[in-house]
file start_7.cif (mmCIF, C-alpha atoms)
data_work
#
loop_
_atom_site.label_atom_id
_atom_site.label_comp_id
_atom_site.auth_asym_id
_atom_site.auth_seq_id
_atom_site.Cartn_x
_atom_site.Cartn_y
_atom_site.Cartn_z
CA MET A 1 -53.51 31.74 25.77
CA GLN A 2 -56.70 30.78 23.95
CA HIS A 3 -58.34 34.05 24.93
CA ILE A 4 -55.67 36.13 23.23
CA ILE A 5 -55.69 33.82 20.18
CA ASN A 6 -59.46 34.17 19.83
CA ARG A 7 -59.33 37.93 20.15
CA PHE A 8 -56.51 38.29 17.62
CA ILE A 9 -58.21 36.06 15.06
CA SER A 10 -61.49 37.93 15.47
CA TYR A 11 -59.64 41.06 14.38
CA VAL A 12 -57.53 39.72 11.53
CA ILE A 13 -60.42 38.06 9.71
CA VAL A 14 -61.91 41.52 9.20
CA ASP A 15 -60.51 43.05 5.99
CA THR A 16 -59.20 46.54 6.77
CA GLU A 17 -56.85 47.21 3.85
CA SER A 18 -56.23 50.92 3.36
CA ASP A 19 -56.05 52.73 0.00
CA PRO A 20 -53.44 55.41 -0.77
CA ASN A 21 -55.47 56.63 -3.75
CA SER A 22 -58.49 57.50 -1.64
CA ASP A 23 -59.00 60.98 -0.22
CA THR A 24 -61.41 59.94 2.54
CA THR A 25 -60.65 59.08 6.18
CA PRO A 26 -60.65 56.22 6.69
CA SER A 27 -59.45 55.57 3.17
CA THR A 28 -61.68 52.48 2.84
CA ALA A 29 -65.21 51.98 4.14
CA LYS A 30 -64.39 48.46 5.34
CA GLN A 31 -62.14 49.84 8.07
CA TRP A 32 -65.33 50.91 9.83
CA ASP A 33 -66.24 47.22 10.29
CA LEU A 34 -63.41 46.62 12.72
CA ALA A 35 -63.56 50.12 14.18
CA ASN A 36 -67.18 49.68 15.23
CA LYS A 37 -66.39 46.22 16.61
CA LEU A 38 -63.57 47.65 18.72
CA VAL A 39 -65.81 50.35 20.15
CA GLU A 40 -68.31 47.75 21.35
CA GLU A 41 -65.55 45.53 22.73
CA LEU A 42 -63.95 48.37 24.68
CA LYS A 43 -67.32 49.14 26.24
CA ALA A 44 -67.89 45.46 27.00
CA ILE A 45 -64.65 45.04 28.95
CA GLY A 46 -65.46 48.09 31.07
CA MET A 47 -63.49 50.96 29.51
CA GLU A 48 -64.89 54.44 30.03
CA ASP A 49 -65.27 57.49 27.77
CA VAL A 50 -65.24 55.27 24.68
CA THR A 51 -65.51 57.48 21.59
CA ILE A 52 -65.22 57.17 17.84
CA ASP A 53 -65.18 60.26 15.65
CA GLU A 54 -66.27 60.88 12.08
CA ASN A 55 -62.89 59.67 10.80
CA ALA A 56 -62.94 56.40 12.79
CA TYR A 57 -60.38 57.45 15.41
CA ILE A 58 -61.14 55.52 18.58
CA MET A 59 -60.27 56.63 22.12
CA ALA A 60 -61.09 55.20 25.53
CA THR A 61 -60.12 55.65 29.17
CA LEU A 62 -59.14 53.42 32.03
CA PRO A 63 -59.48 55.68 35.11
CA SER A 64 -56.75 55.86 37.72
CA ASN A 65 -57.18 53.67 40.80
CA VAL A 66 -54.66 55.57 42.95
CA GLU A 67 -55.16 58.80 44.88
CA HIS A 68 -51.85 60.47 44.07
CA ASP A 69 -51.24 62.34 40.82
CA VAL A 70 -49.80 60.24 38.02
CA PRO A 71 -49.04 61.39 34.46
CA VAL A 72 -51.62 60.18 31.96
CA ILE A 73 -50.06 57.56 29.68
CA GLY A 74 -51.43 56.24 26.41
CA PHE A 75 -51.17 53.17 24.20
CA VAL A 76 -51.81 53.44 20.46
CA SER A 77 -52.19 50.98 17.58
CA HIS A 78 -53.66 51.05 14.07
CA PHE A 79 -56.34 48.78 12.65
CA ASP A 80 -55.72 49.12 8.92
CA THR A 81 -53.52 46.74 6.96
CA THR A 82 -51.14 47.55 4.13
CA PRO A 83 -52.28 47.71 0.49
CA ASP A 84 -48.96 46.07 -0.46
CA PHE A 85 -50.52 42.60 -0.18
CA THR A 86 -54.12 41.45 0.06
CA GLY A 87 -55.81 41.31 3.44
CA ALA A 88 -59.08 39.85 2.17
CA ASN A 89 -60.30 36.41 3.29
CA ILE A 90 -57.50 35.85 5.79
CA LYS A 91 -57.44 32.26 7.05
CA PRO A 92 -55.03 32.09 10.00
CA GLN A 93 -53.29 28.82 10.82
CA ILE A 94 -52.27 27.95 14.37
CA ILE A 95 -49.06 25.96 14.77
CA GLU A 96 -48.80 24.58 18.30
CA ASN A 97 -45.47 23.56 19.83
CA TYR A 98 -43.51 24.65 16.75
CA ASP A 99 -40.81 22.05 16.07
CA GLY A 100 -38.26 24.31 14.41
CA GLY A 101 -38.82 22.97 10.89
CA ASP A 102 -40.55 24.15 7.74
CA ILE A 103 -44.17 25.27 8.04
CA MET A 104 -46.31 24.42 5.03
CA LEU A 105 -48.51 27.44 4.52
CA ASN A 106 -50.17 26.26 1.33
CA GLN A 107 -49.80 22.71 0.05
CA GLU A 108 -51.50 23.41 -3.27
CA GLN A 109 -49.20 26.32 -4.13
CA ASN A 110 -46.17 24.88 -2.31
CA ILE A 111 -45.72 27.99 -0.17
CA VAL A 112 -43.41 27.25 2.75
CA LEU A 113 -42.39 29.33 5.74
CA SER A 114 -38.89 28.04 6.38
CA PRO A 115 -36.32 28.85 9.08
CA ASN A 116 -33.66 28.31 6.42
CA TYR A 117 -34.76 31.63 4.93
CA PHE A 118 -36.50 33.29 7.91
CA LYS A 119 -34.00 32.46 10.65
CA ASP A 120 -35.93 34.35 13.37
CA LEU A 121 -38.39 31.44 13.40
CA LEU A 122 -35.91 29.31 15.33
CA GLN A 123 -36.11 31.48 18.44
CA TYR A 124 -39.77 30.46 18.78
CA LYS A 125 -39.25 26.70 18.82
CA GLY A 126 -41.74 25.11 21.20
CA GLN A 127 -44.11 28.08 21.04
CA THR A 128 -47.51 28.59 19.40
CA ILE A 129 -47.26 30.47 16.11
CA ILE A 130 -50.06 31.98 14.05
CA THR A 131 -49.39 32.14 10.30
CA THR A 132 -51.21 32.88 7.07
CA ASP A 133 -52.43 30.25 4.61
CA GLY A 134 -49.97 31.61 2.04
CA THR A 135 -52.51 33.62 0.05
CA THR A 136 -52.85 36.76 2.19
CA LEU A 137 -50.97 38.73 4.78
CA LEU A 138 -51.85 38.08 8.43
CA GLY A 139 -52.48 41.55 9.81
CA ALA A 140 -50.36 41.24 12.94
CA ASP A 141 -49.25 44.71 11.82
CA ASP A 142 -50.97 46.03 13.79
CA LYS A 143 -53.87 43.93 15.01
CA ALA A 144 -51.44 42.19 17.34
CA GLY A 145 -50.91 45.59 18.96
CA ILE A 146 -54.65 46.18 19.29
CA THR A 147 -55.09 42.70 20.77
CA GLU A 148 -52.41 43.41 23.34
CA ILE A 149 -53.78 46.79 24.38
CA VAL A 150 -57.36 45.55 24.75
CA THR A 151 -56.20 42.45 26.63
CA ALA A 152 -54.01 44.50 28.98
CA MET A 153 -56.84 46.92 29.74
CA GLU A 154 -59.17 43.99 30.41
CA TYR A 155 -56.58 42.47 32.76
CA LEU A 156 -56.18 45.71 34.71
CA ILE A 157 -59.95 46.09 35.00
CA ASN A 158 -60.28 42.53 36.29
CA ASN A 159 -57.36 42.92 38.71
CA PRO A 160 -57.92 46.23 40.52
CA GLU A 161 -55.22 45.40 43.07
CA ILE A 162 -52.72 46.41 40.37
CA LYS A 163 -52.25 50.14 40.89
CA HIS A 164 -52.05 52.49 37.94
CA GLY A 165 -52.78 56.04 36.89
CA LYS A 166 -55.16 57.14 34.16
CA ILE A 167 -54.58 55.31 30.90
CA ARG A 168 -55.80 56.35 27.47
CA VAL A 169 -55.94 54.04 24.47
CA GLY A 170 -56.21 55.11 20.85
CA PHE A 171 -56.80 53.14 17.66
CA THR A 172 -56.24 54.75 14.27
CA PRO A 173 -57.05 54.11 10.60
CA ASP A 174 -54.71 54.50 7.63
CA GLU A 175 -51.32 54.20 9.33
CA GLU A 176 -50.08 51.98 6.52
CA ILE A 177 -50.51 54.78 3.98
CA GLY A 178 -48.84 57.36 6.21
CA ARG A 179 -51.99 59.07 7.47
CA GLY A 180 -52.59 57.35 10.79
CA ALA A 181 -51.84 60.41 12.91
CA HIS A 182 -53.04 63.08 10.49
CA LYS A 183 -56.40 63.58 12.19
CA PHE A 184 -55.48 62.29 15.65
CA ASP A 185 -56.72 64.80 18.24
CA VAL A 186 -53.78 64.97 20.63
CA ALA A 187 -55.52 67.50 22.91
CA LYS A 188 -58.58 65.28 23.20
CA PHE A 189 -56.40 62.24 23.90
CA GLY A 190 -54.94 64.15 26.82
CA ALA A 191 -51.94 61.96 27.57
CA ASP A 192 -48.55 63.20 28.78
CA TRP A 193 -46.86 60.56 26.67
CA ALA A 194 -47.80 57.34 24.89
CA TYR A 195 -46.42 54.17 23.35
CA THR A 196 -47.30 52.67 20.00
CA MET A 197 -47.52 48.87 20.15
CA ASP A 198 -46.35 48.47 16.57
CA GLY A 199 -42.88 46.93 16.64
CA SER A 200 -41.80 43.50 15.49
CA GLN A 201 -39.97 40.85 17.50
CA ILE A 202 -40.16 40.51 21.25
CA GLY A 203 -37.96 43.02 23.05
CA GLU A 204 -37.96 45.77 20.45
CA LEU A 205 -38.02 49.26 21.93
CA GLU A 206 -37.58 52.09 19.48
CA TYR A 207 -37.43 55.86 19.73
CA GLU A 208 -35.64 56.62 16.45
CA ASN A 209 -37.13 56.30 13.00
CA PHE A 210 -36.42 57.37 9.45
CA ASN A 211 -36.89 60.85 8.14
CA ALA A 212 -39.13 60.13 5.18
CA ALA A 213 -40.07 61.72 1.88
CA GLY A 214 -41.95 60.59 -1.19
CA ALA A 215 -41.01 61.58 -4.72
CA LYS A 216 -42.81 61.54 -8.02
CA ILE A 217 -40.70 62.12 -11.13
CA THR A 218 -42.57 62.78 -14.36
CA PHE A 219 -40.71 62.24 -17.63
CA LYS A 220 -41.93 63.85 -20.86
CA GLY A 221 -41.29 62.38 -24.29
CA LYS A 222 -42.06 62.81 -27.99
CA SER A 223 -43.60 60.00 -29.98
CA VAL A 224 -42.49 59.74 -33.61
CA HIS A 225 -42.84 56.86 -36.06
CA PRO A 226 -39.87 54.60 -35.22
CA GLY A 227 -38.88 54.40 -38.86
CA TYR A 228 -38.27 58.16 -38.94
CA ALA A 229 -37.37 58.75 -35.30
CA LYS A 230 -33.67 59.60 -35.48
CA GLY A 231 -33.01 62.92 -33.81
CA LYS A 232 -36.71 63.42 -33.16
CA MET A 233 -38.11 60.78 -30.78
CA ILE A 234 -37.69 61.15 -27.03
CA ASN A 235 -38.75 57.96 -25.23
CA SER A 236 -39.82 58.93 -21.72
CA MET A 237 -39.49 55.33 -20.51
CA LEU A 238 -35.79 55.38 -21.38
CA LEU A 239 -35.41 58.67 -19.51
CA ALA A 240 -37.00 57.02 -16.48
CA SER A 241 -34.58 54.12 -16.82
CA ARG A 242 -31.66 56.54 -16.97
CA PHE A 243 -32.89 58.23 -13.82
CA ILE A 244 -33.17 54.96 -11.89
CA ASN A 245 -29.72 53.85 -13.05
CA ALA A 246 -28.26 57.14 -11.83
CA LEU A 247 -29.39 56.48 -8.24
CA PRO A 248 -26.67 55.00 -5.97
CA GLU A 249 -26.91 51.29 -6.71
CA ASN A 250 -26.05 50.11 -3.19
CA GLU A 251 -28.37 52.53 -1.38
CA ILE A 252 -31.53 50.48 -1.74
CA PRO A 253 -33.57 48.60 0.91
CA GLU A 254 -32.20 45.17 0.03
CA LYS A 255 -28.61 46.34 0.52
CA THR A 256 -28.90 48.50 3.64
CA THR A 257 -29.46 47.98 7.35
CA GLY A 258 -29.30 49.78 10.71
CA TYR A 259 -28.87 53.51 10.29
CA GLU A 260 -28.20 53.29 6.55
CA GLY A 261 -30.65 55.22 4.42
CA PHE A 262 -31.94 54.37 0.96
CA TYR A 263 -33.83 55.23 -2.20
CA HIS A 264 -36.64 52.82 -3.03
CA VAL A 265 -38.45 52.81 -6.37
CA THR A 266 -42.03 51.76 -5.62
CA GLY A 267 -43.73 52.17 -8.98
CA ILE A 268 -43.28 52.90 -12.67
CA ASN A 269 -46.02 53.68 -15.16
CA GLY A 270 -45.32 54.85 -18.64
CA SER A 271 -45.48 55.18 -22.38
CA ILE A 272 -43.30 56.92 -24.93
CA GLU A 273 -44.96 60.29 -24.29
CA GLU A 274 -45.01 60.21 -20.48
CA THR A 275 -43.63 58.03 -17.69
CA THR A 276 -43.88 58.49 -13.94
CA VAL A 277 -41.57 56.99 -11.34
CA GLN A 278 -42.61 56.83 -7.70
CA LEU A 279 -39.99 56.40 -5.02
CA ILE A 280 -39.49 56.87 -1.32
CA ILE A 281 -36.45 58.44 0.35
CA ARG A 282 -35.35 57.40 3.84
CA ASP A 283 -32.54 58.35 6.22
CA HIS A 284 -32.15 58.64 10.00
CA ASP A 285 -29.67 61.50 9.71
CA LYS A 286 -31.35 64.82 8.90
CA GLU A 287 -28.45 66.19 6.83
CA LYS A 288 -28.14 63.00 4.79
CA PHE A 289 -31.93 63.02 4.33
CA GLU A 290 -31.79 66.53 2.88
CA ALA A 291 -28.88 65.50 0.63
CA ARG A 292 -30.85 62.54 -0.70
CA LYS A 293 -33.74 64.77 -1.69
CA GLU A 294 -31.33 67.08 -3.49
CA THR A 295 -29.79 64.09 -5.30
CA VAL A 296 -33.18 63.16 -6.75
CA LYS A 297 -33.77 66.72 -7.92
CA LYS A 298 -30.24 67.00 -9.34
CA ILE A 299 -30.49 63.82 -11.42
CA ALA A 300 -33.82 64.99 -12.87
CA GLU A 301 -32.32 68.41 -13.63
CA GLU A 302 -29.32 66.88 -15.40
CA ILE A 303 -31.57 64.78 -17.61
CA SER A 304 -33.68 67.83 -18.44
CA ASN A 305 -30.61 69.90 -19.31
CA ASP A 306 -29.46 67.26 -21.80
CA PHE A 307 -32.75 67.52 -23.70
CA LEU A 308 -33.61 71.18 -23.14
CA GLU A 309 -32.56 72.32 -26.61
CA GLN A 310 -34.41 69.47 -28.33
CA PHE A 311 -37.55 69.47 -26.20
CA GLY A 312 -37.76 73.15 -25.29
CA GLU A 313 -38.79 72.56 -21.69
CA PRO A 314 -37.81 70.23 -18.80
CA VAL A 315 -38.32 66.57 -19.65
CA ALA A 316 -37.91 65.44 -16.04
CA ILE A 317 -39.94 67.10 -13.29
CA ALA A 318 -39.26 65.97 -9.71
CA GLU A 319 -41.83 66.55 -6.99
CA VAL A 320 -40.49 65.71 -3.53
CA LYS A 321 -42.66 65.89 -0.42
CA ASP A 322 -41.68 65.23 3.18
CA GLN A 323 -43.77 62.57 4.92
CA TYR A 324 -42.49 62.37 8.51
CA TYR A 325 -39.42 62.98 10.63
CA ASN A 326 -37.21 61.19 13.16
CA MET A 327 -38.97 61.16 16.54
CA LYS A 328 -35.61 61.06 18.37
CA GLU A 329 -35.55 64.85 18.46
CA LYS A 330 -38.80 64.89 20.47
CA VAL A 331 -38.20 61.82 22.66
CA VAL A 332 -34.63 62.39 23.88
CA PRO A 333 -35.68 65.40 26.02
CA VAL A 334 -38.10 63.06 27.86
CA MET A 335 -36.00 59.89 27.88
CA HIS A 336 -37.57 58.74 31.13
CA ILE A 337 -40.50 57.44 29.08
CA VAL A 338 -38.12 55.09 27.26
CA ASP A 339 -36.44 54.18 30.55
CA ILE A 340 -39.80 53.12 32.01
CA ALA A 341 -40.49 50.78 29.08
CA GLU A 342 -36.97 49.37 29.29
CA GLN A 343 -37.36 48.76 33.03
CA ALA A 344 -40.70 47.02 32.44
CA MET A 345 -39.11 44.63 29.96
CA LYS A 346 -36.16 43.84 32.19
CA GLU A 347 -38.43 43.12 35.16
CA LEU A 348 -40.24 40.62 32.92
CA ASP A 349 -36.97 38.97 31.83
CA ILE A 350 -37.28 40.39 28.33
CA GLU A 351 -34.01 41.55 26.81
CA PRO A 352 -34.66 45.05 25.41
CA ILE A 353 -33.62 45.48 21.79
CA ILE A 354 -33.12 49.22 21.44
CA LYS A 355 -32.60 50.05 17.80
CA PRO A 356 -33.76 52.48 15.13
CA ILE A 357 -36.97 51.78 13.27
CA ARG A 358 -36.31 51.24 9.58
CA GLY A 359 -39.66 52.77 8.82
CA GLY A 360 -42.15 54.93 10.65
CA THR A 361 -45.08 54.61 13.00
CA ASP A 362 -47.95 56.79 14.11
CA GLY A 363 -45.66 57.57 17.03
CA CYS A 364 -43.19 59.59 15.00
CA GLN A 365 -45.91 61.92 13.77
CA LEU A 366 -47.58 62.06 17.17
CA SER A 367 -44.26 63.01 18.74
CA TYR A 368 -44.11 66.06 16.50
CA MET A 369 -47.74 66.84 17.37
CA GLY A 370 -46.85 67.13 21.06
CA LEU A 371 -47.33 63.53 22.20
CA PRO A 372 -43.91 61.85 22.69
CA CYS A 373 -44.49 58.28 21.59
CA PRO A 374 -41.80 55.55 21.48
CA ASN A 375 -42.57 52.21 19.87
CA ILE A 376 -42.79 48.81 21.60
CA PHE A 377 -42.80 45.33 20.09
CA ALA A 378 -46.11 43.76 19.09
CA GLY A 379 -44.49 40.42 18.28
CA GLY A 380 -45.08 39.88 14.58
CA HIS A 381 -42.56 39.09 11.84
CA ASN A 382 -42.39 39.42 8.04
CA PHE A 383 -45.04 42.13 7.86
CA HIS A 384 -46.78 43.05 4.60
CA GLY A 385 -46.73 39.64 2.97
CA LYS A 386 -47.75 35.99 2.92
CA TYR A 387 -44.91 34.91 5.22
CA GLU A 388 -46.16 37.05 8.10
CA TYR A 389 -46.47 35.29 11.46
CA VAL A 390 -46.76 36.06 15.16
CA PRO A 391 -45.85 33.91 18.19
CA VAL A 392 -48.68 33.95 20.73
CA GLU A 393 -46.19 34.01 23.60
CA SER A 394 -44.79 37.30 22.25
CA MET A 395 -48.27 38.83 22.34
CA GLN A 396 -48.69 37.61 25.90
CA LYS A 397 -45.40 39.24 26.87
CA ALA A 398 -46.47 42.50 25.23
CA VAL A 399 -49.60 42.46 27.38
CA GLU A 400 -47.42 42.04 30.46
CA VAL A 401 -45.19 44.94 29.37
CA ILE A 402 -48.20 47.26 29.06
CA VAL A 403 -49.40 46.29 32.53
CA ARG A 404 -45.92 46.69 34.03
CA ILE A 405 -45.44 50.13 32.43
CA ALA A 406 -48.68 51.23 34.07
CA GLU A 407 -47.50 49.87 37.45
CA ILE A 408 -44.03 51.42 37.23
CA THR A 409 -45.43 54.81 36.24
CA ALA A 410 -47.82 54.84 39.20
CA LYS A 411 -45.03 53.91 41.63
CA LYS A 412 -42.55 56.35 40.14
CA TYR A 413 -44.84 59.29 40.82
CA ASN A 414 -45.97 58.23 44.31
CA GLY A 415 -44.44 60.92 46.47
#
call {"tool": "encode", "arguments": {"input": "start_7.cif", "output": "structure tokens"}}
result
Amino acid sequence: MQHIINRFISYVIVDTESDPNSDTTPSTAKQWDLANKLVEELKAIGMEDVTIDENAYIMATLPSNVEHDVPVIGFVSHFDTTPDFTGANIKPQIIENYDGGDIMLNQEQNIVLSPNYFKDLLQYKGQTIITTDGTTLLGADDKAGITEIVTAMEYLINNPEIKHGKIRVGFTPDEEIGRGAHKFDVAKFGADWAYTMDGSQIGELEYENFNAAGAKITFKGKSVHPGYAKGKMINSMLLASRFINALPENEIPEKTTGYEGFYHVTGINGSIEETTVQLIIRDHDKEKFEARKETVKKIAEEISNDFLEQFGEPVAIAEVKDQYYNMKEKVVPVMHIVDIAEQAMKELDIEPIIKPIRGGTDGCQLSYMGLPCPNIFAGGHNFHGKYEYVPVESMQKAVEVIVRIAEITAKKYNG
């Protein structure tokens, strides 16, 4: 257990926050710090063909140790952390033999991780949990996944009696800003299929994800002295408010679950003359996804029409861009790759939790790039914030799942 704890902590203490406003890859120079460390570690454990390209995409090979032909499988994780919450100066705390009560993350600021609010904590009573100190995120998303992949490869190298085919591993930058697969060389990776180790609680196995789009709505106004503004002023901030209020009030993240889609306002910046609203659009169903995008455009058009005579041009301009699509379409034709992961979990007495991802992973984009790529649990909870934690036992189980998938695949294709 200590080995996996040490490896995980060595990764999370490296700040790898990505930046959506950057046009470089990786989006932040500090991601190179962990990328270069991972390259050296992969070489040190005995991986072959270890490469890192000019955009910090890492690939490595564990050669087959069987004589019969086996499909090449891959395991993928990302090393950046979200810009939603700081990942600088992470100070992990290790809670051994968790007693099921409140965990004081930060005494000074009275920040408490409580099972009264985060009920999933109770299923890890008696286990070892790694938390934040309440001032940063933890980075289990997705450094837990990297830890598990490296540890599993090390275990297979040190235990050659376990038979497996060729395995490829890939680590990517910038997943948290939607670019993790953008420059991933699928042909170079050379796998028949892969798995992202980027899910949450133990048992998660996912091959469906949201269709996703981002929208930017720009509102134009006219600034006039407020004492003489009647019939003349157009306050773009009030137009933005009208737009937000016109969105379906119950179709937001905090009121939806399962297959339910949503609109999520992520940012507002404005003045009287100009205001921009940023939002994301999500839905698992393709037709509903298209309808949501049209709703955004329609609301903006209606606002513009109301002011067209006064302003002379549209006062609300909606720009909607697709981000990624539901991988289900690409995975269902090769469902045996999900079946193998499910079998691996069951053989390890892990109850598979097969459900849609309420988000996206590198795997959804990779699936559309020709690499079918379901998602497997990495073990962490409460990603993207100060209440993030990961049970060490879940990471250990994820390592075992990777090893068992490799074993099952080799046996399945033996004659």
call {"tool": "residues_around", "arguments": {"input": "start_7.cif", "residues": "region 9-22 of chain A", "least_positions_apart": "2", "cutoff": "10 Å", "atoms": "all atoms listed in the file", "output": "ChimeraX atom specification"}}
result
/A:4-7,24-35,37-38,79-93,130,137-144,146-147,173-179
call {"tool": "atom_distance", "arguments": {"input": "start_7.cif", "atom1": "CA of Gln323 (chain A)", "atom2": "CA of Asn211 (chain A)"}}
result
7.8 Å
call {"tool": "resolve_selection", "arguments": {"input": "start_7.cif", "expression": "the PyMOL selection byres ((chain A and resi 122) around 12)", "output": "PyMOL selection string"}}
result
chain A and resi 98-103+113-121+123-127+129+391
call {"tool": "atom_distance", "arguments": {"input": "start_7.cif", "atom1": "CA of Ala191 (chain A)", "atom2": "CA of Gly360 (chain A)"}}
result
20.8 Å
call {"tool": "closest_residue", "arguments": {"input": "start_7.cif", "among": "A:Asn106, A:Ala240, A:Pro253, A:Ser367", "to": "Lys386 (chain A)", "atoms": "only C-alpha atoms"}}
result
A:Asn106
call {"tool": "atom_distance", "arguments": {"input": "start_7.cif", "atom1": "CA of Tyr389 (chain A)", "atom2": "CA of Ile94 (chain A)"}}
result
9.8 Å
call {"tool": "resolve_selection", "arguments": {"input": "start_7.cif", "expression": "the PyMOL selection byres ((chain A and resi 307) around 12)", "output": "ChimeraX atom specification"}}
result
/A:219-222,231-236,239,300-306,308-316
call {"tool": "write_last_selection", "arguments": {"input": "start_7.cif", "atoms": "C-alpha atoms", "output": "PDB file, in the frame of the given file"}}
result
ATOM      1  CA  PHE A 219     -40.710  62.240 -17.630  1.00  0.00           C
ATOM      2  CA  LYS A 220     -41.930  63.850 -20.860  1.00  0.00           C
ATOM      3  CA  GLY A 221     -41.290  62.380 -24.290  1.00  0.00           C
ATOM      4  CA  LYS A 222     -42.060  62.810 -27.990  1.00  0.00           C
ATOM      5  CA  GLY A 231     -33.010  62.920 -33.810  1.00  0.00           C
ATOM      6  CA  LYS A 232     -36.710  63.420 -33.160  1.00  0.00           C
ATOM      7  CA  MET A 233     -38.110  60.780 -30.780  1.00  0.00           C
ATOM      8  CA  ILE A 234     -37.690  61.150 -27.030  1.00  0.00           C
ATOM      9  CA  ASN A 235     -38.750  57.960 -25.230  1.00  0.00           C
ATOM     10  CA  SER A 236     -39.820  58.930 -21.720  1.00  0.00           C
ATOM     11  CA  LEU A 239     -35.410  58.670 -19.510  1.00  0.00           C
ATOM     12  CA  ALA A 300     -33.820  64.990 -12.870  1.00  0.00           C
ATOM     13  CA  GLU A 301     -32.320  68.410 -13.630  1.00  0.00           C
ATOM     14  CA  GLU A 302     -29.320  66.880 -15.400  1.00  0.00           C
ATOM     15  CA  ILE A 303     -31.570  64.780 -17.610  1.00  0.00           C
ATOM     16  CA  SER A 304     -33.680  67.830 -18.440  1.00  0.00           C
ATOM     17  CA  ASN A 305     -30.610  69.900 -19.310  1.00  0.00           C
ATOM     18  CA  ASP A 306     -29.460  67.260 -21.800  1.00  0.00           C
ATOM     19  CA  LEU A 308     -33.610  71.180 -23.140  1.00  0.00           C
ATOM     20  CA  GLU A 309     -32.560  72.320 -26.610  1.00  0.00           C
ATOM     21  CA  GLN A 310     -34.410  69.470 -28.330  1.00  0.00           C
ATOM     22  CA  PHE A 311     -37.550  69.470 -26.200  1.00  0.00           C
ATOM     23  CA  GLY A 312     -37.760  73.150 -25.290  1.00  0.00           C
ATOM     24  CA  GLU A 313     -38.790  72.560 -21.690  1.00  0.00           C
ATOM     25  CA  PRO A 314     -37.810  70.230 -18.800  1.00  0.00           C
ATOM     26  CA  VAL A 315     -38.320  66.570 -19.650  1.00  0.00           C
ATOM     27  CA  ALA A 316     -37.910  65.440 -16.040  1.00  0.00           C
TER      28      ALA A 316
END
call {"tool": "resolve_selection", "arguments": {"input": "start_7.cif", "expression": "the PyMOL selection byres ((chain A and resi 402-413) around 9)", "output": "VMD selection string"}}
result
chain A and resid 66 68 to 71 73 75 148 to 149 152 to 153 155 to 156 162 to 167 340 to 341 343 to 345 347 to 348 397 to 401 414 to 415
call {"tool": "residues_around", "arguments": {"input": "start_7.cif", "residues": "Thr196 (chain A)", "least_positions_apart": "2", "cutoff": "7 Å", "atoms": "all atoms listed in the file", "output": "mmCIF file with C-alpha atoms, keeping the file's coordinate frame"}}
result
data_model
loop_
_atom_site.group_PDB
_atom_site.id
_atom_site.type_symbol
_atom_site.label_atom_id
_atom_site.label_comp_id
_atom_site.auth_asym_id
_atom_site.auth_seq_id
_atom_site.Cartn_x
_atom_site.Cartn_y
_atom_site.Cartn_z
ATOM 1 C CA PHE A 75 -51.170 53.170 24.200
ATOM 2 C CA VAL A 76 -51.810 53.440 20.460
ATOM 3 C CA SER A 77 -52.190 50.980 17.580
ATOM 4 C CA ALA A 194 -47.800 57.340 24.890
ATOM 5 C CA ASP A 198 -46.350 48.470 16.570
ATOM 6 C CA GLY A 363 -45.660 57.570 17.030
ATOM 7 C CA CYS A 373 -44.490 58.280 21.590
ATOM 8 C CA PRO A 374 -41.800 55.550 21.480
ATOM 9 C CA ASN A 375 -42.570 52.210 19.870
ATOM 10 C CA ILE A 376 -42.790 48.810 21.600
#
call {"tool": "closest_residue", "arguments": {"input": "start_7.cif", "among": "A:Ile357, A:Ala212, A:Leu366, A:Ala246", "to": "Glu290 (chain A)", "atoms": "all atoms listed in the file"}}
result
A:Ala212
call {"tool": "closest_residue", "arguments": {"input": "start_7.cif", "among": "A:Ala213, A:Met197, A:Ala378, A:Leu238", "to": "Ala291 (chain A)", "atoms": "only C-alpha atoms"}}
result
A:Ala213
call {"tool": "closest_residue", "arguments": {"input": "start_7.cif", "among": "A:Arg358, A:His78, A:Lys216, A:Lys330", "to": "Arg282 (chain A)", "atoms": "only C-alpha atoms"}}
result
A:Arg358
call {"tool": "closest_residue", "arguments": {"input": "start_7.cif", "among": "A:Gly270, A:Phe262, A:Tyr387, A:Glu206", "to": "Ile337 (chain A)", "atoms": "all atoms listed in the file"}}
result
A:Glu206
call {"tool": "residues_around", "arguments": {"input": "start_7.cif", "residues": "Arg168 (chain A)", "least_positions_apart": "5", "cutoff": "6 Å", "atoms": "all atoms listed in the file", "output": "CSV table (one decimal) with C-alpha atoms, in the coordinates of the input"}}
result
chain,number,residue,atom,x,y,z
A,60,ALA,CA,-61.1,55.2,25.5
A,61,THR,CA,-60.1,55.6,29.2
A,74,GLY,CA,-51.4,56.2,26.4
call {"tool": "residues_around", "arguments": {"input": "start_7.cif", "residues": "region 157-160 of chain A", "least_positions_apart": "4", "cutoff": "10 Å", "atoms": "only C-alpha atoms", "output": "list in words"}}
result
Ile45, Gly46, Met47, Leu62, Pro63, Asn65, Thr151, Ala152, Met153 and His164 of chain A
call {"tool": "closest_residue", "arguments": {"input": "start_7.cif", "among": "A:Phe8, A:Tyr207, A:Phe184, A:Tyr195", "to": "Ile353 (chain A)", "atoms": "all atoms listed in the file"}}
result
A:Tyr207
